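Below: structure34.cif (mmCIF, N, CA and C atoms)
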data_coords
#
loop_
_atom_site.label_atom_id
_atom_site.label_comp_id
_atom_site.auth_asym_id
_atom_site.auth_seq_id
_atom_site.Cartn_x
_atom_site.Cartn_y
_atom_site.Cartn_z
N MET E 1 35.01 17.71 30.26
CA MET E 1 33.77 18.33 30.69
C MET E 1 32.80 18.47 29.52
N LYS E 2 33.34 18.91 28.37
CA LYS E 2 32.48 19.09 27.20
C LYS E 2 31.86 17.76 26.76
N LYS E 3 32.66 16.68 26.87
CA LYS E 3 32.15 15.36 26.50
C LYS E 3 31.03 14.94 27.43
N SER E 4 31.13 15.25 28.71
CA SER E 4 30.09 14.90 29.68
C SER E 4 28.81 15.64 29.39
N VAL E 5 28.93 16.93 29.07
CA VAL E 5 27.74 17.74 28.76
C VAL E 5 27.08 17.22 27.47
N PHE E 6 27.90 16.91 26.47
CA PHE E 6 27.36 16.38 25.22
C PHE E 6 26.66 15.05 25.45
N PHE E 7 27.29 14.15 26.23
CA PHE E 7 26.70 12.86 26.53
C PHE E 7 25.39 13.02 27.28
N LEU E 8 25.35 13.93 28.26
CA LEU E 8 24.13 14.17 29.03
C LEU E 8 23.02 14.72 28.13
N ALA E 9 23.36 15.63 27.23
CA ALA E 9 22.37 16.19 26.31
C ALA E 9 21.83 15.10 25.38
N ALA E 10 22.71 14.23 24.90
CA ALA E 10 22.27 13.14 24.03
C ALA E 10 21.36 12.19 24.78
N LEU E 11 21.68 11.89 26.01
CA LEU E 11 20.86 11.00 26.83
C LEU E 11 19.48 11.59 27.07
N VAL E 12 19.41 12.88 27.36
CA VAL E 12 18.12 13.56 27.57
C VAL E 12 17.29 13.51 26.29
N CYS E 13 17.91 13.74 25.15
CA CYS E 13 17.18 13.69 23.87
C CYS E 13 16.62 12.30 23.61
N MET E 14 17.41 11.26 23.90
CA MET E 14 16.94 9.89 23.70
C MET E 14 15.76 9.59 24.62
N MET E 15 15.82 10.06 25.85
CA MET E 15 14.73 9.81 26.79
C MET E 15 13.47 10.54 26.34
N MET E 16 13.61 11.75 25.84
CA MET E 16 12.44 12.50 25.37
C MET E 16 11.81 11.82 24.17
N GLN E 17 12.64 11.28 23.28
CA GLN E 17 12.13 10.58 22.11
C GLN E 17 11.37 9.34 22.55
N THR E 18 11.86 8.61 23.53
CA THR E 18 11.18 7.43 24.04
C THR E 18 9.85 7.78 24.65
N VAL E 19 9.80 8.84 25.44
CA VAL E 19 8.56 9.28 26.06
C VAL E 19 7.57 9.71 24.99
N SER E 20 8.03 10.42 23.96
CA SER E 20 7.10 10.87 22.91
C SER E 20 6.57 9.68 22.11
N THR E 21 7.37 8.61 21.99
CA THR E 21 6.89 7.41 21.29
C THR E 21 5.72 6.80 22.03
N PHE E 22 5.80 6.70 23.36
CA PHE E 22 4.71 6.14 24.14
C PHE E 22 3.50 7.07 24.12
N ALA E 23 3.73 8.35 24.03
CA ALA E 23 2.63 9.31 24.02
C ALA E 23 1.90 9.33 22.69
N ALA E 24 2.48 8.71 21.65
CA ALA E 24 1.87 8.72 20.33
C ALA E 24 0.61 7.85 20.27
N ASP E 25 0.49 6.85 21.13
CA ASP E 25 -0.70 6.01 21.17
C ASP E 25 -1.79 6.73 21.93
N ARG E 26 -3.00 6.73 21.34
CA ARG E 26 -4.14 7.29 22.08
C ARG E 26 -5.40 6.54 21.69
N LEU E 27 -6.26 6.36 22.67
CA LEU E 27 -7.52 5.66 22.44
C LEU E 27 -8.45 6.53 21.60
N ILE E 28 -9.21 5.86 20.74
CA ILE E 28 -10.18 6.55 19.91
C ILE E 28 -11.48 5.75 19.94
N SER E 29 -12.56 6.38 19.50
CA SER E 29 -13.84 5.68 19.40
C SER E 29 -13.87 4.90 18.09
N LYS E 30 -14.77 3.92 18.01
CA LYS E 30 -14.86 3.12 16.78
C LYS E 30 -15.25 3.98 15.59
N GLU E 31 -15.97 5.06 15.84
CA GLU E 31 -16.37 5.95 14.77
C GLU E 31 -15.18 6.70 14.17
N GLN E 32 -14.08 6.78 14.91
CA GLN E 32 -12.89 7.47 14.42
C GLN E 32 -11.99 6.56 13.58
N LEU E 33 -12.33 5.28 13.51
CA LEU E 33 -11.60 4.37 12.63
C LEU E 33 -11.95 4.70 11.18
N PRO E 34 -11.05 4.47 10.25
CA PRO E 34 -11.39 4.66 8.83
C PRO E 34 -12.60 3.79 8.47
N ALA E 35 -13.40 4.27 7.53
CA ALA E 35 -14.61 3.55 7.12
C ALA E 35 -14.27 2.13 6.66
N ALA E 36 -13.15 1.97 5.96
CA ALA E 36 -12.76 0.64 5.49
C ALA E 36 -12.51 -0.31 6.65
N ALA E 37 -11.90 0.16 7.72
CA ALA E 37 -11.64 -0.68 8.90
C ALA E 37 -12.96 -1.07 9.56
N GLN E 38 -13.88 -0.12 9.69
CA GLN E 38 -15.18 -0.41 10.28
C GLN E 38 -15.93 -1.47 9.46
N ALA E 39 -15.90 -1.31 8.15
CA ALA E 39 -16.59 -2.26 7.26
C ALA E 39 -15.95 -3.64 7.35
N PHE E 40 -14.62 -3.69 7.42
CA PHE E 40 -13.91 -4.96 7.54
C PHE E 40 -14.33 -5.70 8.81
N ILE E 41 -14.39 -4.99 9.91
CA ILE E 41 -14.75 -5.62 11.18
C ILE E 41 -16.18 -6.15 11.13
N GLN E 42 -17.10 -5.34 10.60
CA GLN E 42 -18.50 -5.77 10.52
C GLN E 42 -18.66 -6.99 9.62
N LYS E 43 -17.95 -7.02 8.50
CA LYS E 43 -18.08 -8.12 7.54
C LYS E 43 -17.36 -9.37 8.01
N THR E 44 -16.14 -9.22 8.52
CA THR E 44 -15.29 -10.36 8.83
C THR E 44 -15.55 -10.93 10.21
N PHE E 45 -15.97 -10.09 11.14
CA PHE E 45 -16.22 -10.53 12.52
C PHE E 45 -17.62 -10.10 12.96
N PRO E 46 -18.65 -10.61 12.28
CA PRO E 46 -20.02 -10.20 12.64
C PRO E 46 -20.36 -10.62 14.07
N GLY E 47 -21.04 -9.75 14.76
CA GLY E 47 -21.45 -10.04 16.12
C GLY E 47 -20.41 -9.67 17.17
N GLN E 48 -19.20 -9.35 16.73
CA GLN E 48 -18.15 -8.95 17.68
C GLN E 48 -18.20 -7.43 17.87
N THR E 49 -17.87 -7.01 19.06
CA THR E 49 -17.81 -5.58 19.34
C THR E 49 -16.36 -5.18 19.61
N ILE E 50 -16.09 -3.92 19.47
CA ILE E 50 -14.75 -3.40 19.69
C ILE E 50 -14.56 -3.12 21.17
N SER E 51 -13.58 -3.78 21.77
CA SER E 51 -13.24 -3.51 23.18
C SER E 51 -12.53 -2.18 23.28
N TYR E 52 -11.58 -1.96 22.38
CA TYR E 52 -10.91 -0.66 22.30
C TYR E 52 -10.27 -0.50 20.94
N ALA E 53 -10.05 0.74 20.59
CA ALA E 53 -9.33 1.08 19.36
C ALA E 53 -8.35 2.18 19.72
N LYS E 54 -7.19 2.14 19.12
CA LYS E 54 -6.23 3.20 19.37
C LYS E 54 -5.50 3.53 18.08
N ILE E 55 -4.98 4.72 18.06
CA ILE E 55 -4.23 5.20 16.90
C ILE E 55 -2.79 5.40 17.33
N ASP E 56 -1.89 5.02 16.46
CA ASP E 56 -0.47 5.22 16.70
C ASP E 56 0.03 6.11 15.58
N SER E 57 0.33 7.34 15.90
CA SER E 57 0.77 8.30 14.90
C SER E 57 2.27 8.44 14.84
N ASP E 58 2.99 7.59 15.54
CA ASP E 58 4.44 7.69 15.56
C ASP E 58 5.01 7.10 14.27
N GLY E 59 5.64 7.92 13.49
CA GLY E 59 6.20 7.46 12.22
C GLY E 59 5.13 7.38 11.16
N ARG E 60 4.47 6.24 11.06
CA ARG E 60 3.38 6.10 10.10
C ARG E 60 2.09 5.85 10.87
N LYS E 61 1.06 6.48 10.45
CA LYS E 61 -0.23 6.37 11.13
C LYS E 61 -0.78 4.96 10.97
N LYS E 62 -1.16 4.34 12.08
CA LYS E 62 -1.81 3.04 12.01
C LYS E 62 -2.79 2.93 13.16
N TYR E 63 -3.70 1.98 13.01
CA TYR E 63 -4.76 1.76 13.99
C TYR E 63 -4.63 0.35 14.55
N GLU E 64 -4.88 0.22 15.84
CA GLU E 64 -4.90 -1.08 16.48
C GLU E 64 -6.26 -1.25 17.15
N VAL E 65 -6.87 -2.42 16.92
CA VAL E 65 -8.21 -2.69 17.44
C VAL E 65 -8.18 -4.02 18.18
N ARG E 66 -8.88 -4.07 19.28
CA ARG E 66 -9.08 -5.34 19.99
C ARG E 66 -10.58 -5.58 20.10
N LEU E 67 -11.01 -6.77 19.68
CA LEU E 67 -12.42 -7.13 19.74
C LEU E 67 -12.72 -7.82 21.07
N ASN E 68 -14.00 -7.92 21.39
CA ASN E 68 -14.40 -8.51 22.67
C ASN E 68 -14.04 -10.00 22.79
N ASN E 69 -13.77 -10.68 21.67
CA ASN E 69 -13.37 -12.09 21.73
C ASN E 69 -11.85 -12.25 21.83
N GLY E 70 -11.12 -11.15 21.94
CA GLY E 70 -9.67 -11.18 22.09
C GLY E 70 -8.90 -11.02 20.80
N THR E 71 -9.58 -10.99 19.67
CA THR E 71 -8.91 -10.80 18.39
C THR E 71 -8.30 -9.41 18.32
N GLU E 72 -7.07 -9.35 17.82
CA GLU E 72 -6.38 -8.08 17.64
C GLU E 72 -6.15 -7.86 16.15
N ILE E 73 -6.47 -6.64 15.69
CA ILE E 73 -6.34 -6.31 14.27
C ILE E 73 -5.57 -5.01 14.15
N ASP E 74 -4.59 -4.98 13.24
CA ASP E 74 -3.87 -3.76 12.92
C ASP E 74 -4.31 -3.31 11.53
N PHE E 75 -4.51 -2.00 11.39
CA PHE E 75 -4.89 -1.40 10.11
C PHE E 75 -3.90 -0.31 9.75
N ASP E 76 -3.72 -0.09 8.45
CA ASP E 76 -2.90 1.04 8.02
C ASP E 76 -3.75 2.31 8.05
N LYS E 77 -3.19 3.42 7.62
CA LYS E 77 -3.89 4.71 7.72
C LYS E 77 -5.15 4.77 6.87
N LYS E 78 -5.26 3.91 5.84
CA LYS E 78 -6.44 3.89 5.00
C LYS E 78 -7.52 2.94 5.51
N GLY E 79 -7.16 2.12 6.52
CA GLY E 79 -8.12 1.17 7.07
C GLY E 79 -8.02 -0.21 6.47
N THR E 80 -6.93 -0.50 5.78
CA THR E 80 -6.68 -1.83 5.22
C THR E 80 -5.99 -2.67 6.29
N TRP E 81 -6.48 -3.88 6.50
CA TRP E 81 -5.88 -4.70 7.55
C TRP E 81 -4.45 -5.07 7.19
N ASP E 82 -3.64 -5.12 8.23
CA ASP E 82 -2.23 -5.44 8.09
C ASP E 82 -1.90 -6.72 8.85
N LYS E 83 -2.55 -6.89 10.00
CA LYS E 83 -2.33 -8.09 10.82
C LYS E 83 -3.62 -8.44 11.53
N VAL E 84 -3.91 -9.75 11.57
CA VAL E 84 -5.07 -10.25 12.32
C VAL E 84 -4.55 -11.38 13.20
N ASP E 85 -4.72 -11.21 14.50
CA ASP E 85 -4.28 -12.21 15.49
C ASP E 85 -5.51 -12.66 16.27
N CYS E 86 -5.95 -13.86 16.00
CA CYS E 86 -7.14 -14.40 16.67
C CYS E 86 -6.76 -15.20 17.91
N ASN E 87 -5.51 -15.06 18.34
CA ASN E 87 -4.98 -15.77 19.50
C ASN E 87 -5.10 -17.27 19.30
N HIS E 88 -6.04 -17.94 19.91
CA HIS E 88 -6.11 -19.40 19.80
C HIS E 88 -7.25 -19.87 18.89
N SER E 89 -7.93 -18.94 18.25
CA SER E 89 -9.01 -19.29 17.33
C SER E 89 -8.51 -19.16 15.89
N ALA E 90 -9.21 -19.79 14.99
CA ALA E 90 -8.82 -19.76 13.58
C ALA E 90 -9.10 -18.39 12.96
N VAL E 91 -8.16 -17.93 12.16
CA VAL E 91 -8.34 -16.71 11.38
C VAL E 91 -9.42 -16.99 10.34
N PRO E 92 -10.33 -16.04 10.08
CA PRO E 92 -11.33 -16.28 9.03
C PRO E 92 -10.68 -16.69 7.71
N ALA E 93 -11.20 -17.73 7.11
CA ALA E 93 -10.60 -18.34 5.92
C ALA E 93 -10.44 -17.36 4.76
N ASP E 94 -11.35 -16.40 4.61
CA ASP E 94 -11.25 -15.50 3.46
C ASP E 94 -10.08 -14.52 3.56
N LEU E 95 -9.37 -14.48 4.70
CA LEU E 95 -8.21 -13.61 4.84
C LEU E 95 -6.92 -14.29 4.38
N VAL E 96 -6.97 -15.60 4.22
CA VAL E 96 -5.77 -16.38 3.89
C VAL E 96 -5.77 -16.69 2.40
N PRO E 97 -4.70 -16.31 1.69
CA PRO E 97 -4.62 -16.69 0.27
C PRO E 97 -4.76 -18.20 0.11
N ALA E 98 -5.43 -18.61 -0.94
CA ALA E 98 -5.77 -20.02 -1.15
C ALA E 98 -4.56 -20.95 -1.13
N ASN E 99 -3.46 -20.55 -1.78
CA ASN E 99 -2.30 -21.45 -1.82
C ASN E 99 -1.65 -21.60 -0.45
N ILE E 100 -1.73 -20.58 0.40
CA ILE E 100 -1.21 -20.70 1.77
C ILE E 100 -2.13 -21.61 2.57
N ALA E 101 -3.43 -21.42 2.43
CA ALA E 101 -4.38 -22.28 3.14
C ALA E 101 -4.19 -23.74 2.75
N ASN E 102 -3.99 -24.00 1.46
CA ASN E 102 -3.77 -25.37 0.99
C ASN E 102 -2.48 -25.96 1.54
N TYR E 103 -1.43 -25.16 1.57
CA TYR E 103 -0.15 -25.64 2.12
C TYR E 103 -0.33 -26.05 3.57
N VAL E 104 -0.98 -25.21 4.35
CA VAL E 104 -1.18 -25.52 5.77
C VAL E 104 -2.05 -26.77 5.92
N LYS E 105 -3.12 -26.85 5.15
CA LYS E 105 -4.02 -28.00 5.23
C LYS E 105 -3.30 -29.31 4.89
N ASN E 106 -2.45 -29.26 3.86
CA ASN E 106 -1.74 -30.46 3.42
C ASN E 106 -0.59 -30.86 4.33
N ASN E 107 0.08 -29.89 4.92
CA ASN E 107 1.28 -30.18 5.71
C ASN E 107 1.06 -30.19 7.21
N PHE E 108 0.01 -29.53 7.67
CA PHE E 108 -0.29 -29.46 9.10
C PHE E 108 -1.80 -29.64 9.31
N PRO E 109 -2.31 -30.83 9.00
CA PRO E 109 -3.76 -31.04 9.00
C PRO E 109 -4.42 -30.86 10.37
N ASP E 110 -3.66 -30.97 11.43
CA ASP E 110 -4.25 -30.82 12.77
C ASP E 110 -4.13 -29.40 13.32
N ALA E 111 -3.57 -28.48 12.55
CA ALA E 111 -3.37 -27.11 13.01
C ALA E 111 -4.25 -26.15 12.23
N VAL E 112 -4.53 -25.01 12.84
CA VAL E 112 -5.25 -23.93 12.17
C VAL E 112 -4.41 -22.67 12.22
N ILE E 113 -4.66 -21.78 11.30
CA ILE E 113 -3.96 -20.49 11.26
C ILE E 113 -4.61 -19.57 12.29
N VAL E 114 -3.82 -19.10 13.25
CA VAL E 114 -4.36 -18.24 14.30
C VAL E 114 -3.90 -16.78 14.15
N LYS E 115 -2.92 -16.57 13.28
CA LYS E 115 -2.42 -15.21 13.06
C LYS E 115 -1.90 -15.09 11.64
N ILE E 116 -2.24 -13.97 10.99
CA ILE E 116 -1.71 -13.67 9.66
C ILE E 116 -1.24 -12.22 9.67
N ASP E 117 -0.05 -12.02 9.16
CA ASP E 117 0.58 -10.70 9.18
C ASP E 117 1.15 -10.42 7.79
N LYS E 118 0.67 -9.36 7.15
CA LYS E 118 1.20 -8.98 5.84
C LYS E 118 2.54 -8.28 6.05
N GLU E 119 3.52 -8.72 5.29
CA GLU E 119 4.85 -8.12 5.33
C GLU E 119 5.23 -7.68 3.92
N ARG E 120 6.31 -6.93 3.78
CA ARG E 120 6.74 -6.48 2.46
C ARG E 120 7.03 -7.66 1.54
N TYR E 121 7.61 -8.71 2.09
CA TYR E 121 8.00 -9.86 1.27
C TYR E 121 6.86 -10.84 1.06
N GLY E 122 5.80 -10.76 1.87
CA GLY E 122 4.70 -11.71 1.76
C GLY E 122 3.90 -11.80 3.04
N TYR E 123 3.85 -12.99 3.65
CA TYR E 123 3.02 -13.22 4.82
C TYR E 123 3.77 -13.97 5.91
N ASP E 124 3.52 -13.59 7.16
CA ASP E 124 3.90 -14.37 8.33
C ASP E 124 2.64 -15.04 8.82
N ILE E 125 2.70 -16.32 9.02
CA ILE E 125 1.56 -17.10 9.48
C ILE E 125 1.94 -17.79 10.78
N GLU E 126 1.06 -17.74 11.77
CA GLU E 126 1.29 -18.51 12.99
C GLU E 126 0.19 -19.55 13.11
N LEU E 127 0.59 -20.76 13.43
CA LEU E 127 -0.34 -21.87 13.55
C LEU E 127 -0.68 -22.15 15.01
N SER E 128 -1.76 -22.88 15.22
CA SER E 128 -2.20 -23.23 16.57
C SER E 128 -1.20 -24.14 17.28
N ASN E 129 -0.28 -24.75 16.55
CA ASN E 129 0.76 -25.59 17.16
C ASN E 129 2.04 -24.79 17.44
N ASP E 130 1.94 -23.45 17.39
CA ASP E 130 3.02 -22.50 17.67
C ASP E 130 4.11 -22.43 16.61
N LEU E 131 3.93 -23.05 15.48
CA LEU E 131 4.89 -22.89 14.39
C LEU E 131 4.59 -21.59 13.65
N GLU E 132 5.66 -20.96 13.17
CA GLU E 132 5.52 -19.76 12.35
C GLU E 132 6.05 -20.06 10.96
N LEU E 133 5.26 -19.73 9.96
CA LEU E 133 5.61 -19.98 8.57
C LEU E 133 5.74 -18.66 7.84
N LYS E 134 6.73 -18.57 6.97
CA LYS E 134 6.95 -17.38 6.15
C LYS E 134 6.67 -17.75 4.70
N PHE E 135 5.86 -16.92 4.04
CA PHE E 135 5.51 -17.13 2.64
C PHE E 135 5.81 -15.87 1.85
N ASN E 136 6.17 -16.04 0.58
CA ASN E 136 6.36 -14.86 -0.27
C ASN E 136 5.00 -14.36 -0.76
N LYS E 137 4.99 -13.30 -1.54
CA LYS E 137 3.73 -12.71 -2.00
C LYS E 137 2.93 -13.66 -2.89
N SER E 138 3.62 -14.61 -3.52
CA SER E 138 2.94 -15.58 -4.37
C SER E 138 2.38 -16.75 -3.57
N GLY E 139 2.65 -16.75 -2.26
CA GLY E 139 2.16 -17.83 -1.42
C GLY E 139 3.05 -19.04 -1.36
N GLN E 140 4.29 -18.90 -1.82
CA GLN E 140 5.24 -20.00 -1.77
C GLN E 140 5.97 -19.96 -0.43
N MET E 141 6.12 -21.14 0.18
CA MET E 141 6.77 -21.26 1.47
C MET E 141 8.22 -20.82 1.39
N LEU E 142 8.64 -19.94 2.28
CA LEU E 142 10.03 -19.50 2.34
C LEU E 142 10.81 -20.24 3.42
N ARG E 143 10.20 -20.25 4.62
CA ARG E 143 10.89 -20.94 5.72
C ARG E 143 9.93 -21.18 6.86
N LEU E 144 10.38 -22.02 7.75
CA LEU E 144 9.62 -22.40 8.95
C LEU E 144 10.39 -21.94 10.17
N ASP E 145 9.72 -21.24 11.09
CA ASP E 145 10.30 -20.88 12.39
C ASP E 145 9.51 -21.60 13.45
N ASP E 146 10.21 -22.11 14.45
CA ASP E 146 9.48 -22.77 15.55
C ASP E 146 9.69 -22.03 16.84
#
Step by step, read the file and then write its structure as structure tokens.
Amino acid sequence: MKKSVFFLAALVCMMMQTVSTFAADRLISKEQLPAAAQAFIQKTFPGQTISYAKIDSDGRKKYEVRLNNGTEIDFDKKGTWDKVDCNHSAVPADLVPANIANYVKNNFPDAVIVKIDKERYGYDIELSNDLELKFNKSGQMLRLDD
């Protein structure tokens, strides 16, 4: 009986944690984004408007933005971009380190970078041909995922 009660209590706690995780996301106005995020959007995506912005305070504070052209951008709590996903359009060239851009140009001349994601070890890059490339912080190719 005690084991059943303990199991039920643990299950309820897990469910409450899951519900609170979903409740951590909330929509915000563009004015509530950090100034650095606002400046990044204006400079990097001129003419685009914000479809929505939301804040995720679960664990570490981060911001998620979707532009009217479908681009999705993640920012950290200071407003520094962490991930830019342009879906099927090319990521702005100034976001891609030069040696990564050169590698893609030389090895996949018919593809463009549609997503760039900063990771602890370096960068995750997704190409328009659906290949995913992993690079270290120095821009050296680590591996290819398809």
Could you check which residues have any atom within 7 Å of (-3.6, -15.8, 15.1), counting only C-alpha atoms with coordinates taken straight from the file, and then list them as a VMD selection string? chain E and resid 84 to 91 113 to 116 126
Going by DSSP on the backbone, which bits of region 2-143 of chain E are alpha helix (DSSP H)? Write them as a PyMOL selection string, please. chain E and resi 2-23+35-44+98-107
Serialized selection, N, CA and C atoms, as a CSV table (one decimal), keeping the file's coordinate frame:
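New file again26.csv:
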chain,number,residue,atom,x,y,z
E,2,LYS,N,33.3,18.9,28.4
E,2,LYS,CA,32.5,19.1,27.2
E,2,LYS,C,31.9,17.8,26.8
E,3,LYS,N,32.7,16.7,26.9
E,3,LYS,CA,32.2,15.4,26.5
E,3,LYS,C,31.0,14.9,27.4
E,4,SER,N,31.1,15.2,28.7
E,4,SER,CA,30.1,14.9,29.7
E,4,SER,C,28.8,15.6,29.4
E,5,VAL,N,28.9,16.9,29.1
E,5,VAL,CA,27.7,17.7,28.8
E,5,VAL,C,27.1,17.2,27.5
E,6,PHE,N,27.9,16.9,26.5
E,6,PHE,CA,27.4,16.4,25.2
E,6,PHE,C,26.7,15.0,25.4
E,7,PHE,N,27.3,14.2,26.2
E,7,PHE,CA,26.7,12.9,26.5
E,7,PHE,C,25.4,13.0,27.3
E,8,LEU,N,25.4,13.9,28.3
E,8,LEU,CA,24.1,14.2,29.0
E,8,LEU,C,23.0,14.7,28.1
E,9,ALA,N,23.4,15.6,27.2
E,9,ALA,CA,22.4,16.2,26.3
E,9,ALA,C,21.8,15.1,25.4
E,10,ALA,N,22.7,14.2,24.9
E,10,ALA,CA,22.3,13.1,24.0
E,10,ALA,C,21.4,12.2,24.8
E,11,LEU,N,21.7,11.9,26.0
E,11,LEU,CA,20.9,11.0,26.8
E,11,LEU,C,19.5,11.6,27.1
E,12,VAL,N,19.4,12.9,27.4
E,12,VAL,CA,18.1,13.6,27.6
E,12,VAL,C,17.3,13.5,26.3
E,13,CYS,N,17.9,13.7,25.2
E,13,CYS,CA,17.2,13.7,23.9
E,13,CYS,C,16.6,12.3,23.6
E,14,MET,N,17.4,11.3,23.9
E,14,MET,CA,16.9,9.9,23.7
E,14,MET,C,15.8,9.6,24.6
E,15,MET,N,15.8,10.1,25.8
E,15,MET,CA,14.7,9.8,26.8
E,15,MET,C,13.5,10.5,26.3
E,16,MET,N,13.6,11.8,25.8
E,16,MET,CA,12.4,12.5,25.4
E,16,MET,C,11.8,11.8,24.2
E,17,GLN,N,12.6,11.3,23.3
E,17,GLN,CA,12.1,10.6,22.1
E,17,GLN,C,11.4,9.3,22.6
E,18,THR,N,11.9,8.6,23.5
E,18,THR,CA,11.2,7.4,24.0
E,18,THR,C,9.8,7.8,24.6
E,19,VAL,N,9.8,8.8,25.4
E,19,VAL,CA,8.6,9.3,26.1
E,19,VAL,C,7.6,9.7,25.0
E,20,SER,N,8.0,10.4,24.0
E,20,SER,CA,7.1,10.9,22.9
E,20,SER,C,6.6,9.7,22.1
E,21,THR,N,7.4,8.6,22.0
E,21,THR,CA,6.9,7.4,21.3
E,21,THR,C,5.7,6.8,22.0
E,22,PHE,N,5.8,6.7,23.4
E,22,PHE,CA,4.7,6.1,24.1
E,22,PHE,C,3.5,7.1,24.1
E,23,ALA,N,3.7,8.4,24.0
E,23,ALA,CA,2.6,9.3,24.0
E,23,ALA,C,1.9,9.3,22.7
E,35,ALA,N,-13.4,4.3,7.5
E,35,ALA,CA,-14.6,3.6,7.1
E,35,ALA,C,-14.3,2.1,6.7
E,36,ALA,N,-13.2,2.0,6.0
E,36,ALA,CA,-12.8,0.6,5.5
E,36,ALA,C,-12.5,-0.3,6.6
E,37,ALA,N,-11.9,0.2,7.7
E,37,ALA,CA,-11.6,-0.7,8.9
E,37,ALA,C,-13.0,-1.1,9.6
E,38,GLN,N,-13.9,-0.1,9.7
E,38,GLN,CA,-15.2,-0.4,10.3
E,38,GLN,C,-15.9,-1.5,9.5
E,39,ALA,N,-15.9,-1.3,8.2
E,39,ALA,CA,-16.6,-2.3,7.3
E,39,ALA,C,-16.0,-3.6,7.4
E,40,PHE,N,-14.6,-3.7,7.4
E,40,PHE,CA,-13.9,-5.0,7.5
E,40,PHE,C,-14.3,-5.7,8.8
E,41,ILE,N,-14.4,-5.0,9.9
E,41,ILE,CA,-14.8,-5.6,11.2
E,41,ILE,C,-16.2,-6.2,11.1
E,42,GLN,N,-17.1,-5.3,10.6
E,42,GLN,CA,-18.5,-5.8,10.5
E,42,GLN,C,-18.7,-7.0,9.6
E,43,LYS,N,-18.0,-7.0,8.5
E,43,LYS,CA,-18.1,-8.1,7.5
E,43,LYS,C,-17.4,-9.4,8.0
E,44,THR,N,-16.1,-9.2,8.5
E,44,THR,CA,-15.3,-10.4,8.8
E,44,THR,C,-15.6,-10.9,10.2
E,98,ALA,N,-5.4,-18.6,-0.9
E,98,ALA,CA,-5.8,-20.0,-1.2
E,98,ALA,C,-4.6,-21.0,-1.1
E,99,ASN,N,-3.5,-20.6,-1.8
E,99,ASN,CA,-2.3,-21.4,-1.8
E,99,ASN,C,-1.6,-21.6,-0.4
E,100,ILE,N,-1.7,-20.6,0.4
E,100,ILE,CA,-1.2,-20.7,1.8
E,100,ILE,C,-2.1,-21.6,2.6
E,101,ALA,N,-3.4,-21.4,2.4
E,101,ALA,CA,-4.4,-22.3,3.1
E,101,ALA,C,-4.2,-23.7,2.8
E,102,ASN,N,-4.0,-24.0,1.5
E,102,ASN,CA,-3.8,-25.4,1.0
E,102,ASN,C,-2.5,-26.0,1.5
E,103,TYR,N,-1.4,-25.2,1.6
E,103,TYR,CA,-0.2,-25.6,2.1
E,103,TYR,C,-0.3,-26.0,3.6
E,104,VAL,N,-1.0,-25.2,4.4
E,104,VAL,CA,-1.2,-25.5,5.8
E,104,VAL,C,-2.0,-26.8,5.9
E,105,LYS,N,-3.1,-26.8,5.2
E,105,LYS,CA,-4.0,-28.0,5.2
E,105,LYS,C,-3.3,-29.3,4.9
E,106,ASN,N,-2.4,-29.3,3.9
E,106,ASN,CA,-1.7,-30.5,3.4
E,106,ASN,C,-0.6,-30.9,4.3
E,107,ASN,N,0.1,-29.9,4.9
E,107,ASN,CA,1.3,-30.2,5.7
E,107,ASN,C,1.1,-30.2,7.2
Might you pull out every residue within 7 Å of region 35-37 of chain E, with all atoms listed in the file counted and same-chain residues fewer than 6 positions away left off, and present them as an MDAnalysis selection string? chainID E and resid 75 78:81
Please list as a PyMOL selection string every residue within 8 Å of Asp76 (chain E), counting only N, CA and C atoms and excluding residues in the same chain fewer than 4 positions away. chain E and resi 34+37+60-64+80-83
Put a box with edges along x, y and z around all the listed atoms of region 122-130 of chain E, pad it by 5 Å on each side, then give me its centre and sizes in Å, one decimal, as JSON.
{"center_x": 1.8, "center_y": -18.2, "center_z": 9.7, "size_x": 18.0, "size_y": 24.8, "size_z": 25.9}
Hey, what does DSSP flag as strand (DSSP E or B) within region 37-70 of chain E? Can you give it to me as a VMD selection string? chain E and resid 50 to 56 62 to 67
If you measure from atom C of Asn99 (chain E) to atom N of Met141 (chain E), what distance in Å do you get, rounded to one decimal?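 Interatomic distance, atom C of Asn99 (chain E) to atom N of Met141 (chain E): 7.8 Å.
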For Ala111 (chain E), list every protein, DNA or RNA residue within 6 Å, evaluated using all atoms listed in the file, and leave out those in the same chain fewer than 4 positions away; present the list as a list in words. Leu127, Ser128 and Asn129 of chain E
Could those selected residues go to a file with N, CA and C atoms, as a PDB file, in the coordinates of the input?
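Output (part34.pdb):
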ATOM      1  N   LEU E 127       0.590 -20.760  13.430  1.00  0.00           N
ATOM      2  CA  LEU E 127      -0.340 -21.870  13.550  1.00  0.00           C
ATOM      3  C   LEU E 127      -0.680 -22.150  15.010  1.00  0.00           C
ATOM      4  N   SER E 128      -1.760 -22.880  15.220  1.00  0.00           N
ATOM      5  CA  SER E 128      -2.200 -23.230  16.570  1.00  0.00           C
ATOM      6  C   SER E 128      -1.200 -24.140  17.280  1.00  0.00           C
ATOM      7  N   ASN E 129      -0.280 -24.750  16.550  1.00  0.00           N
ATOM      8  CA  ASN E 129       0.760 -25.590  17.160  1.00  0.00           C
ATOM      9  C   ASN E 129       2.040 -24.790  17.440  1.00  0.00           C
TER      10      ASN E 129
END
